[in-house]
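Raw contents of upload.cif, mmCIF, C-alpha atoms:
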```
data_model
#
loop_
_atom_site.label_atom_id
_atom_site.label_comp_id
_atom_site.auth_asym_id
_atom_site.auth_seq_id
_atom_site.Cartn_x
_atom_site.Cartn_y
_atom_site.Cartn_z
CA MET M 10 184.23 292.44 136.51
CA ALA M 11 181.27 292.97 134.24
CA ASP M 12 183.25 295.03 131.73
CA ALA M 13 185.44 292.06 130.94
CA VAL M 14 182.35 290.04 130.09
CA LEU M 15 181.15 292.68 127.63
CA PHE M 16 184.45 292.56 125.80
CA GLU M 17 184.41 288.76 125.70
CA PHE M 18 180.91 288.67 124.27
CA LEU M 19 181.70 291.34 121.73
CA HIS M 20 184.88 289.55 120.68
CA THR M 21 183.06 286.23 120.25
CA GLU M 22 180.39 287.92 118.16
CA MET M 23 183.01 289.65 116.03
CA VAL M 24 184.80 286.39 115.35
CA ALA M 25 181.53 284.67 114.41
CA GLU M 26 180.27 287.48 112.18
CA LEU M 27 183.49 288.35 110.42
CA TRP M 28 183.88 284.72 109.56
CA ALA M 29 180.35 284.37 108.22
CA GLN M 30 180.87 287.52 106.20
CA ASP M 31 183.77 286.10 104.24
CA PRO M 32 182.64 286.21 100.58
CA ASP M 33 184.93 283.35 99.70
CA PRO M 34 183.29 280.25 101.22
CA ASP M 35 186.30 278.14 100.30
CA PRO M 36 187.96 277.33 103.62
CA GLY M 37 191.37 277.50 102.00
CA PRO M 38 194.27 279.51 103.39
CA GLY M 39 193.39 282.55 101.23
CA GLY M 40 189.89 283.02 102.64
CA GLN M 41 191.02 282.46 106.20
CA LYS M 42 193.82 284.97 105.89
CA MET M 43 191.46 287.79 104.95
CA SER M 44 189.21 287.44 107.97
CA LEU M 45 192.16 286.91 110.29
CA SER M 46 193.86 290.03 109.00
CA VAL M 47 190.69 292.07 109.49
CA LEU M 48 190.48 290.94 113.10
CA GLU M 49 194.19 291.52 113.58
CA GLY M 50 193.90 295.02 112.13
CA MET M 51 191.13 295.90 114.55
CA GLY M 52 193.21 294.56 117.42
CA PHE M 53 196.10 296.69 116.21
CA ARG M 54 194.06 299.88 116.52
CA VAL M 55 192.86 298.90 119.97
CA GLY M 56 196.38 297.95 121.12
CA GLN M 57 197.76 301.27 119.92
CA ALA M 58 195.09 303.22 121.73
CA MET M 59 195.40 301.19 124.93
CA ALA M 60 199.16 301.61 125.12
CA GLU M 61 198.72 305.35 124.55
CA ARG M 62 196.42 305.61 127.53
CA LEU M 63 198.91 304.15 129.97
CA PRO M 64 200.75 306.39 132.45
CA ARG M 65 203.70 308.16 130.89
CA GLU M 66 206.42 306.74 133.11
CA THR M 67 205.56 303.20 132.11
CA LEU M 68 206.71 303.96 128.62
CA ALA M 69 210.26 304.95 129.49
CA PHE M 70 211.82 301.60 128.78
CA ARG M 71 215.54 301.28 129.11
CA GLU M 72 215.84 297.66 128.17
CA GLU M 73 214.19 295.23 125.83
CA LEU M 74 213.23 293.22 128.87
CA ASP M 75 211.22 296.15 130.26
CA VAL M 76 209.12 296.15 127.12
CA LEU M 77 208.42 292.45 127.43
CA LYS M 78 207.63 292.77 131.12
CA PHE M 79 205.22 295.55 130.27
CA LEU M 80 203.44 293.33 127.75
CA CYS M 81 203.33 290.29 129.98
CA LYS M 82 202.32 292.05 133.16
CA ASP M 83 200.75 295.46 132.61
CA LEU M 84 199.12 295.06 129.25
CA TRP M 85 197.93 291.53 129.81
CA VAL M 86 196.49 292.41 133.21
CA ALA M 87 194.76 295.45 131.76
CA VAL M 88 193.20 293.40 128.97
CA PHE M 89 192.67 289.98 130.55
CA GLN M 90 192.97 290.51 134.32
CA LYS M 91 195.85 288.08 134.53
CA GLN M 92 199.55 288.00 133.78
CA MET M 93 201.19 286.04 131.03
CA ASP M 94 202.32 282.72 132.43
CA SER M 95 205.78 282.48 130.95
CA LEU M 96 208.23 284.24 128.68
CA ARG M 97 211.04 282.62 126.71
CA THR M 98 213.56 283.94 124.23
CA ASN M 99 216.19 282.69 121.86
CA HIS M 100 218.29 285.79 122.60
CA GLN M 101 218.21 286.59 118.92
CA GLY M 102 215.16 288.83 118.85
CA THR M 103 212.41 286.25 119.10
CA TYR M 104 210.21 286.04 122.19
CA VAL M 105 207.58 283.49 123.06
CA LEU M 106 204.83 284.56 125.43
CA GLN M 107 202.83 281.72 126.84
CA ASP M 108 199.41 281.88 128.42
CA ASN M 109 198.28 278.58 129.93
CA SER M 110 194.65 279.53 130.33
CA PHE M 111 193.85 282.17 127.80
CA PRO M 112 190.52 283.79 128.74
CA LEU M 113 189.17 283.88 125.20
CA LEU M 114 189.73 280.15 124.79
CA ILE M 115 188.69 279.05 128.22
CA ARG M 116 185.01 278.76 127.41
CA MET M 117 185.74 276.16 124.77
CA SER M 118 186.40 272.59 125.83
CA SER M 119 190.04 271.99 126.61
CA GLY M 120 192.21 269.73 124.56
CA LEU M 121 192.24 269.28 120.84
CA GLN M 122 188.57 269.30 119.84
CA TYR M 123 188.48 272.92 118.67
CA LEU M 124 192.08 273.28 117.60
CA GLU M 125 191.08 274.38 114.09
CA GLU M 126 188.84 277.14 115.36
CA ALA M 127 191.28 278.45 117.93
CA PRO M 128 193.38 280.74 115.64
CA LYS M 129 190.31 282.92 114.97
CA PHE M 130 190.21 283.75 118.67
CA LEU M 131 193.86 284.75 118.76
CA ALA M 132 193.98 287.11 115.79
CA PHE M 133 192.54 290.12 117.61
CA THR M 134 194.93 289.65 120.52
CA CYS M 135 197.92 289.39 118.21
CA GLY M 136 196.83 292.76 116.89
CA ILE M 137 196.62 294.20 120.39
CA LEU M 138 200.22 293.13 121.08
CA ARG M 139 201.44 294.46 117.75
CA GLY M 140 199.58 297.74 118.28
CA ALA M 141 200.95 298.24 121.79
CA LEU M 142 204.48 297.62 120.52
CA SER M 143 203.89 300.09 117.72
CA THR M 144 202.97 302.80 120.24
CA LEU M 145 206.26 302.07 121.97
CA GLY M 146 208.02 302.65 118.67
CA ILE M 147 208.67 299.01 117.92
CA LYS M 148 207.69 297.39 114.65
CA SER M 149 207.28 293.69 115.10
CA LEU M 150 205.60 290.64 113.76
CA VAL M 151 203.23 288.89 116.14
CA THR M 152 201.87 285.44 115.49
CA ALA M 153 200.20 282.91 117.73
CA SER M 154 199.74 279.20 117.97
CA VAL M 155 197.71 276.79 120.03
CA ALA M 156 198.93 273.33 120.94
CA ALA M 157 196.02 272.39 123.16
CA LEU M 158 193.22 274.61 124.46
CA PRO M 159 193.19 276.76 126.52
CA ALA M 160 196.95 277.28 126.38
CA CYS M 161 198.39 279.44 123.61
CA GLU M 162 201.65 281.07 122.67
CA TYR M 163 202.45 284.39 121.07
CA PHE M 164 205.60 284.81 119.00
CA LEU M 165 207.15 288.26 118.79
CA GLU M 166 209.76 288.71 116.14
CA GLY M 167 211.95 291.51 114.86
CA GLY M 168 212.16 295.14 115.86
CA LEU M 169 213.38 294.49 119.34
CA LEU M 170 217.03 294.02 118.28
CA PRO M 171 218.12 297.60 119.07
CA PHE M 172 217.27 296.91 122.69
CA LEU M 173 219.21 293.68 122.98
CA SER M 174 220.69 293.40 126.41
CA VAL M 175 223.07 290.80 127.74
CA VAL M 176 221.16 288.07 129.49
CA GLY M 177 222.50 284.72 130.61
CA ALA M 178 221.76 281.67 128.50
CA GLY M 179 218.56 279.73 129.11
CA GLU M 180 215.40 281.03 130.77
CA LEU M 181 215.00 284.67 131.68
CA PRO M 182 215.59 285.39 135.37
CA PHE M 183 212.35 287.25 136.07
CA PRO M 184 209.57 285.12 137.52
CA PHE M 185 206.34 285.41 135.57
CA SER M 186 204.69 282.16 136.43
CA ARG M 187 203.77 281.40 139.97
CA GLY M 188 204.09 277.66 139.61
CA PRO M 189 207.09 275.53 138.70
CA ARG M 190 208.58 276.33 135.31
CA HIS M 191 209.29 273.74 132.65
CA MET J 8 209.08 292.80 141.16
CA SER J 9 205.68 294.09 142.17
CA ARG J 10 203.94 297.16 140.88
CA PRO J 11 203.24 299.96 143.36
CA ALA J 12 199.59 299.97 144.43
CA HIS J 13 198.84 303.43 143.09
CA ARG J 14 198.91 302.14 139.54
CA ARG J 15 195.73 300.10 140.05
CA PRO J 16 193.05 302.74 139.28
CA GLU J 17 194.68 303.50 135.93
CA TYR J 18 194.53 299.90 134.90
CA GLN J 19 190.91 299.58 135.90
CA LYS J 20 190.06 302.48 133.67
CA ILE J 21 192.01 300.91 130.82
CA ASN J 22 189.99 297.78 131.28
CA LYS J 23 186.78 299.78 130.80
CA ASP J 24 188.29 301.39 127.76
CA LEU J 25 188.98 298.04 126.13
CA PHE J 26 185.33 297.42 125.31
CA VAL J 27 184.76 300.98 124.14
CA LEU J 28 187.87 300.96 121.95
CA THR J 29 187.03 297.55 120.49
CA TYR J 30 183.53 298.74 119.70
CA GLY J 31 184.96 301.79 117.95
CA ALA J 32 187.27 299.63 115.87
CA LEU J 33 184.31 297.44 114.96
CA VAL J 34 182.18 300.36 113.81
CA ALA J 35 185.10 301.73 111.80
CA GLN J 36 185.56 298.35 110.13
CA LEU J 37 181.85 298.07 109.33
CA CYS J 38 181.89 301.56 107.82
CA LYS J 39 184.68 300.36 105.56
CA ASP J 40 182.75 297.24 104.59
CA TYR J 41 179.33 298.82 104.01
CA GLU J 42 178.60 301.99 102.10
CA LYS J 43 175.08 302.56 103.37
CA ASP J 44 174.43 303.68 106.93
CA GLU J 45 171.32 301.49 107.10
CA ASP J 46 173.44 298.41 106.43
CA VAL J 47 175.88 299.28 109.19
CA ASN J 48 173.00 299.96 111.57
CA LYS J 49 171.35 296.66 110.69
CA TYR J 50 174.59 294.78 111.16
CA LEU J 51 175.25 296.37 114.55
CA ASP J 52 171.72 295.51 115.61
CA LYS J 53 172.18 291.92 114.48
CA MET J 54 175.44 291.56 116.36
CA GLY J 55 173.87 293.15 119.40
CA TYR J 56 171.03 290.66 119.19
CA GLY J 57 173.49 287.77 119.27
CA ILE J 58 175.26 289.29 122.27
CA GLY J 59 171.98 290.05 124.07
CA THR J 60 170.72 286.50 123.84
CA ARG J 61 173.78 285.37 125.79
CA LEU J 62 174.30 288.42 127.97
CA VAL J 63 170.90 287.98 129.58
CA GLU J 64 172.03 284.71 131.18
CA ASP J 65 175.12 286.39 132.55
CA PHE J 66 172.93 289.20 133.86
CA LEU J 67 170.44 286.88 135.53
CA ALA J 68 173.26 284.93 137.13
CA ARG J 69 174.87 288.07 138.55
CA SER J 70 171.84 290.05 139.59
CA CYS J 71 169.28 287.70 141.18
CA VAL J 72 166.40 289.93 140.14
CA ARG J 73 162.98 288.79 141.16
CA ARG J 74 160.28 287.98 138.65
CA CYS J 75 158.65 291.05 137.09
CA HIS J 76 154.94 291.62 136.81
CA SER J 77 154.82 294.58 134.51
CA TYR J 78 156.67 296.15 131.62
CA SER J 79 157.62 299.14 133.71
CA GLU J 80 159.28 296.90 136.29
CA ILE J 81 161.30 295.31 133.52
CA ILE J 82 162.35 298.66 132.12
CA ASP J 83 163.39 299.82 135.59
CA ILE J 84 165.57 296.76 135.95
CA ILE J 85 167.16 297.33 132.56
CA ALA J 86 167.92 300.95 133.41
CA GLN J 87 168.88 300.67 137.06
CA VAL J 88 170.49 297.24 137.26
CA ALA J 89 171.64 296.10 133.83
CA PHE J 90 172.96 299.39 132.48
CA LYS J 91 174.59 300.11 135.81
CA MET J 92 176.21 296.70 135.92
CA TYR J 93 177.65 296.66 132.42
CA LEU J 94 178.15 300.28 131.46
CA GLY J 95 178.23 302.03 134.81
CA ILE J 96 175.40 304.42 133.93
CA THR J 97 171.76 304.70 134.96
CA PRO J 98 169.53 306.05 132.21
CA SER J 99 166.28 307.66 133.30
CA VAL J 100 163.02 306.05 132.29
CA THR J 101 159.89 307.60 130.86
CA CYS J 102 156.68 305.94 129.76
CA ASN J 103 155.41 307.21 126.46
CA ASN J 104 151.85 306.01 126.22
CA SER J 105 148.83 305.22 128.33
CA SER J 106 148.72 301.54 127.47
CA ARG J 107 152.11 301.39 129.18
CA ASN J 108 153.96 299.37 126.59
CA GLU J 109 156.13 302.13 125.11
CA PHE J 110 159.07 303.39 127.12
CA SER J 111 162.15 305.50 126.67
CA LEU J 112 165.57 305.30 128.23
CA ILE J 113 167.26 308.68 128.33
CA LEU J 114 171.04 308.37 128.42
CA ASP J 115 172.68 311.34 130.02
CA LYS J 116 176.14 309.89 129.69
CA ASN J 117 177.10 307.27 127.15
CA PRO J 118 180.44 305.51 127.70
CA LEU J 119 180.37 303.99 124.22
CA VAL J 120 180.91 307.38 122.62
CA GLU J 121 183.63 308.53 124.99
CA PHE J 122 186.19 308.76 122.20
CA VAL J 123 183.80 309.86 119.48
CA GLU J 124 183.46 313.58 118.89
CA GLU J 125 181.24 313.43 115.87
CA LEU J 126 180.04 311.03 113.23
CA PRO J 127 182.40 310.56 110.26
CA PRO J 128 181.63 312.72 107.22
CA GLY J 129 178.97 311.22 105.00
CA ARG J 130 177.67 309.05 107.81
CA SER J 131 174.93 311.23 109.16
CA SER J 132 172.38 308.47 109.65
CA LEU J 133 174.74 306.10 111.38
CA CYS J 134 173.35 304.91 114.70
CA TYR J 135 176.72 304.54 116.35
CA CYS J 136 175.39 302.71 119.41
CA ASN J 137 172.97 300.46 117.59
CA LEU J 138 174.59 297.47 119.23
CA LEU J 139 172.77 298.49 122.43
CA CYS J 140 169.39 298.23 120.72
CA GLY J 141 170.18 294.75 119.51
CA ILE J 142 171.43 293.69 122.94
CA ILE J 143 168.22 294.85 124.64
CA ARG J 144 166.07 293.23 121.97
CA GLY J 145 167.96 289.91 122.15
CA ALA J 146 167.92 289.84 125.93
CA LEU J 147 164.18 290.53 126.10
CA GLU J 148 163.46 287.86 123.54
CA MET J 149 165.27 285.28 125.64
CA VAL J 150 162.79 285.96 128.42
CA HIS J 151 159.92 285.62 125.96
CA LEU J 152 159.23 289.30 125.44
CA ALA J 153 159.10 290.64 121.91
CA ALA J 154 160.05 294.29 121.61
CA ASP J 155 161.06 296.92 119.10
CA VAL J 156 164.12 298.80 120.24
CA THR J 157 165.44 301.81 118.35
CA PHE J 158 167.20 305.09 118.88
CA LEU J 159 164.67 307.91 119.01
CA GLN J 160 167.23 310.64 119.57
CA ASP J 161 170.99 310.65 119.34
CA ARG J 162 173.41 313.30 120.64
CA LEU J 163 175.86 312.36 117.91
CA LYS J 164 173.27 313.39 115.34
CA GLY J 165 172.71 316.76 116.93
CA ASP J 166 169.80 315.97 119.23
CA SER J 167 169.89 317.24 122.78
CA VAL J 168 169.78 313.82 124.40
CA THR J 169 170.33 310.21 123.49
CA GLU J 170 167.07 308.31 123.79
CA ILE J 171 166.38 304.63 123.26
CA GLY J 172 162.75 303.71 122.63
CA ILE J 173 161.49 300.29 123.71
CA THR J 174 158.04 299.16 122.54
CA PHE J 175 156.75 295.86 123.83
CA LEU J 176 154.85 294.03 121.15
CA LYS J 177 152.93 291.39 123.03
CA LYS J 178 151.08 291.63 126.28
CA LEU J 179 152.63 289.75 129.17
CA ASP J 180 150.59 286.65 129.75
CA GLU J 181 149.34 286.89 133.35
CA LYS J 182 148.50 283.19 133.47
CA LYS J 183 152.12 282.29 132.77
CA TYR J 184 153.16 283.89 136.04
CA ARG J 185 150.44 282.37 138.17
CA ARG J 186 151.42 278.94 136.95
CA LYS J 187 155.07 279.48 137.77
CA LYS J 188 154.25 280.49 141.32
#
```

Rewrite the structure of this file - the entire thing - as structure tokens.
Amino acid sequence: MADAVLFEFLHTEMVAELWAQDPDPDPGPGGQKMSLSVLEGMGFRVGQAMAERLPRETLAFREELDVLKFLCKDLWVAVFQKQMDSLRTNHQGTYVLQDNSFPLLIRMSSGLQYLEEAPKFLAFTCGILRGALSTLGIKSLVTASVAALPACEYFLEGGLLPFLSVVGAGELPFPFSRGPRH
Amino acid sequence: MSRPAHRRPEYQKINKDLFVLTYGALVAQLCKDYEKDEDVNKYLDKMGYGIGTRLVEDFLARSCVRRCHSYSEIIDIIAQVAFKMYLGITPSVTCNNSSRNEFSLILDKNPLVEFVEELPPGRSSLCYCNLLCGIIRGALEMVHLAADVTFLQDRLKGDSVTEIGITFLKKLDEKKYRRKK
């Protein structure tokens, strides 16, 4: 769909420009953090607004799992036209959402060549997740990591504890990925 | 657990909103970073230029337009094919001068400003949609056409319509087309 392309192009341009704009040319952790937090903040606003626009009944979550399903299926499909590939938890409030072919990384060559650049392309999306959760009344910390392009993982921590429901040990029972699970 | 089918249209609309919302967040961020409206406008135009240079390839791949032989054909394609494809609107076209190198696109509806009621206070010369000008300029340059693209009128500034003016700066070289045939 053409709209998705517009967003991709705009996002790529934003990443390139916000990076170039960084007054501190030192590529140390301080300089990087500023640009990443700007991108993340913009994603936050967008995530908040997007979650607000969803149909009312979607937001009546009874269980923590409903919230995660919403993120992995509804939100991800709305933003990236695909579902999250897998969801894991340590049953202590931390969730790991894994996308094996993240659309914003897919145009870069797969593997390890652009590993250093990859975090810039995840900051906005972390913000979207954090913003959507905030609309649902959940304050959380969202970070991301890339092991090898184009697969990435999002870590959601904190804030979901009030919802804790009793789930069996190991993987969650709901099938997110269509293929075999690790 | 599958979602009932009736939810689909809502999610398509949300997908359209994603670009508009992201653009709004970008403009808000730029307004924070730059005090002067001219700087924000220039920055939006520059970003648009970068997008346009790449968007044109995507457009040509999707649309299979045939080669154009006049500026007015090009403008018609921008208005009726490109705008329709990416923003879902079809601006009307007028030609502003007899030498037929100055045109206007009149936007009746503008999806980019769907969530914007008015310009922020103190930002009266902000060209909110200046990204569009840069996109058109960048795209045209990639097909070897130099043009000036600016907003002539803007509803957000109180004008009755939103009008984008496109002025082609160099004459199309006829010989170039004969050779390519």

| query | Which neighbours of Ile85 of chain J fall inside 10 Å, counting all atoms listed in the file, when residues of the same chain fewer than 3 positions from it are skipped, and could you give them as an MDAnalysis selection string? | reply | chainID J and resid 79:82 88:92 97:98 100 112 143 147

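As for atom CA of Leu138 of chain J and atom CA of Asp52 of chain J, they are spaced 5.0 Å apart.
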
| request: Report as an MDAnalysis selection string the full result of the PyMOL selection byres ((chain M and resi 153) around 10) when it is applied to this structure. | output: chainID M and resid 105:107 127:128 131:132 134:135 151:152 154:155 161:165

Using all atoms listed in the file, I'd like every residue of chain M that has an atom within 8 Å of chain J; please write them out as a PDB file with C-alpha atoms, in the coordinates of the input.
```pdb
ATOM      1  CA  ALA M  11     181.270 292.970 134.240  1.00  0.00           C
ATOM      2  CA  ASP M  12     183.250 295.030 131.730  1.00  0.00           C
ATOM      3  CA  ALA M  13     185.440 292.060 130.940  1.00  0.00           C
ATOM      4  CA  LEU M  15     181.150 292.680 127.630  1.00  0.00           C
ATOM      5  CA  PHE M  16     184.450 292.560 125.800  1.00  0.00           C
ATOM      6  CA  PHE M  18     180.910 288.670 124.270  1.00  0.00           C
ATOM      7  CA  LEU M  19     181.700 291.340 121.730  1.00  0.00           C
ATOM      8  CA  GLU M  22     180.390 287.920 118.160  1.00  0.00           C
ATOM      9  CA  MET M  23     183.010 289.650 116.030  1.00  0.00           C
ATOM     10  CA  GLU M  26     180.270 287.480 112.180  1.00  0.00           C
ATOM     11  CA  MET M  51     191.130 295.900 114.550  1.00  0.00           C
ATOM     12  CA  GLY M  52     193.210 294.560 117.420  1.00  0.00           C
ATOM     13  CA  ARG M  54     194.060 299.880 116.520  1.00  0.00           C
ATOM     14  CA  VAL M  55     192.860 298.900 119.970  1.00  0.00           C
ATOM     15  CA  ALA M  58     195.090 303.220 121.730  1.00  0.00           C
ATOM     16  CA  MET M  59     195.400 301.190 124.930  1.00  0.00           C
ATOM     17  CA  ARG M  62     196.420 305.610 127.530  1.00  0.00           C
ATOM     18  CA  LEU M  63     198.910 304.150 129.970  1.00  0.00           C
ATOM     19  CA  PRO M  64     200.750 306.390 132.450  1.00  0.00           C
ATOM     20  CA  ASP M  83     200.750 295.460 132.610  1.00  0.00           C
ATOM     21  CA  VAL M  86     196.490 292.410 133.210  1.00  0.00           C
ATOM     22  CA  ALA M  87     194.760 295.450 131.760  1.00  0.00           C
ATOM     23  CA  VAL M  88     193.200 293.400 128.970  1.00  0.00           C
TER      24      VAL M  88
END
```

| request: Run through the PyMOL selection byres ((chain J and resi 124) around 12) on the given coordinates and return the selected residues as a PyMOL selection string. | output: chain J and resi 31+119-123+125-128+135+162-165

Test item: the PyMOL selection byres ((chain M and resi 148) around 9) resolved as a short mmCIF file (atom, residue, chain, number, x, y, z; two decimals) with C-alpha atoms, keeping the file's coordinate frame:
```cif
data_model
loop_
_atom_site.label_atom_id
_atom_site.label_comp_id
_atom_site.auth_asym_id
_atom_site.auth_seq_id
_atom_site.Cartn_x
_atom_site.Cartn_y
_atom_site.Cartn_z
CA ARG M 139 201.44 294.46 117.75
CA GLY M 140 199.58 297.74 118.28
CA LEU M 142 204.48 297.62 120.52
CA SER M 143 203.89 300.09 117.72
CA LEU M 145 206.26 302.07 121.97
CA GLY M 146 208.02 302.65 118.67
CA ILE M 147 208.67 299.01 117.92
CA SER M 149 207.28 293.69 115.10
CA LEU M 150 205.60 290.64 113.76
CA GLY M 167 211.95 291.51 114.86
CA GLY M 168 212.16 295.14 115.86
CA LEU M 169 213.38 294.49 119.34
#
```

| remark: Correct to one decimal, the distance atom CA of Lys39 of chain J-atom CA of Ser167 of chain J is 28.3 Å

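Here atom CA of Glu17 of chain M stands at a distance of 10.2 Å from atom CA of Leu114 of chain M.
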
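Closest approach to Lys82 of chain M from the set M:Val47, M:Asn99, M:Asp108, M:Glu61 is made by M:Asp108, with distances taken over only C-alpha atoms.
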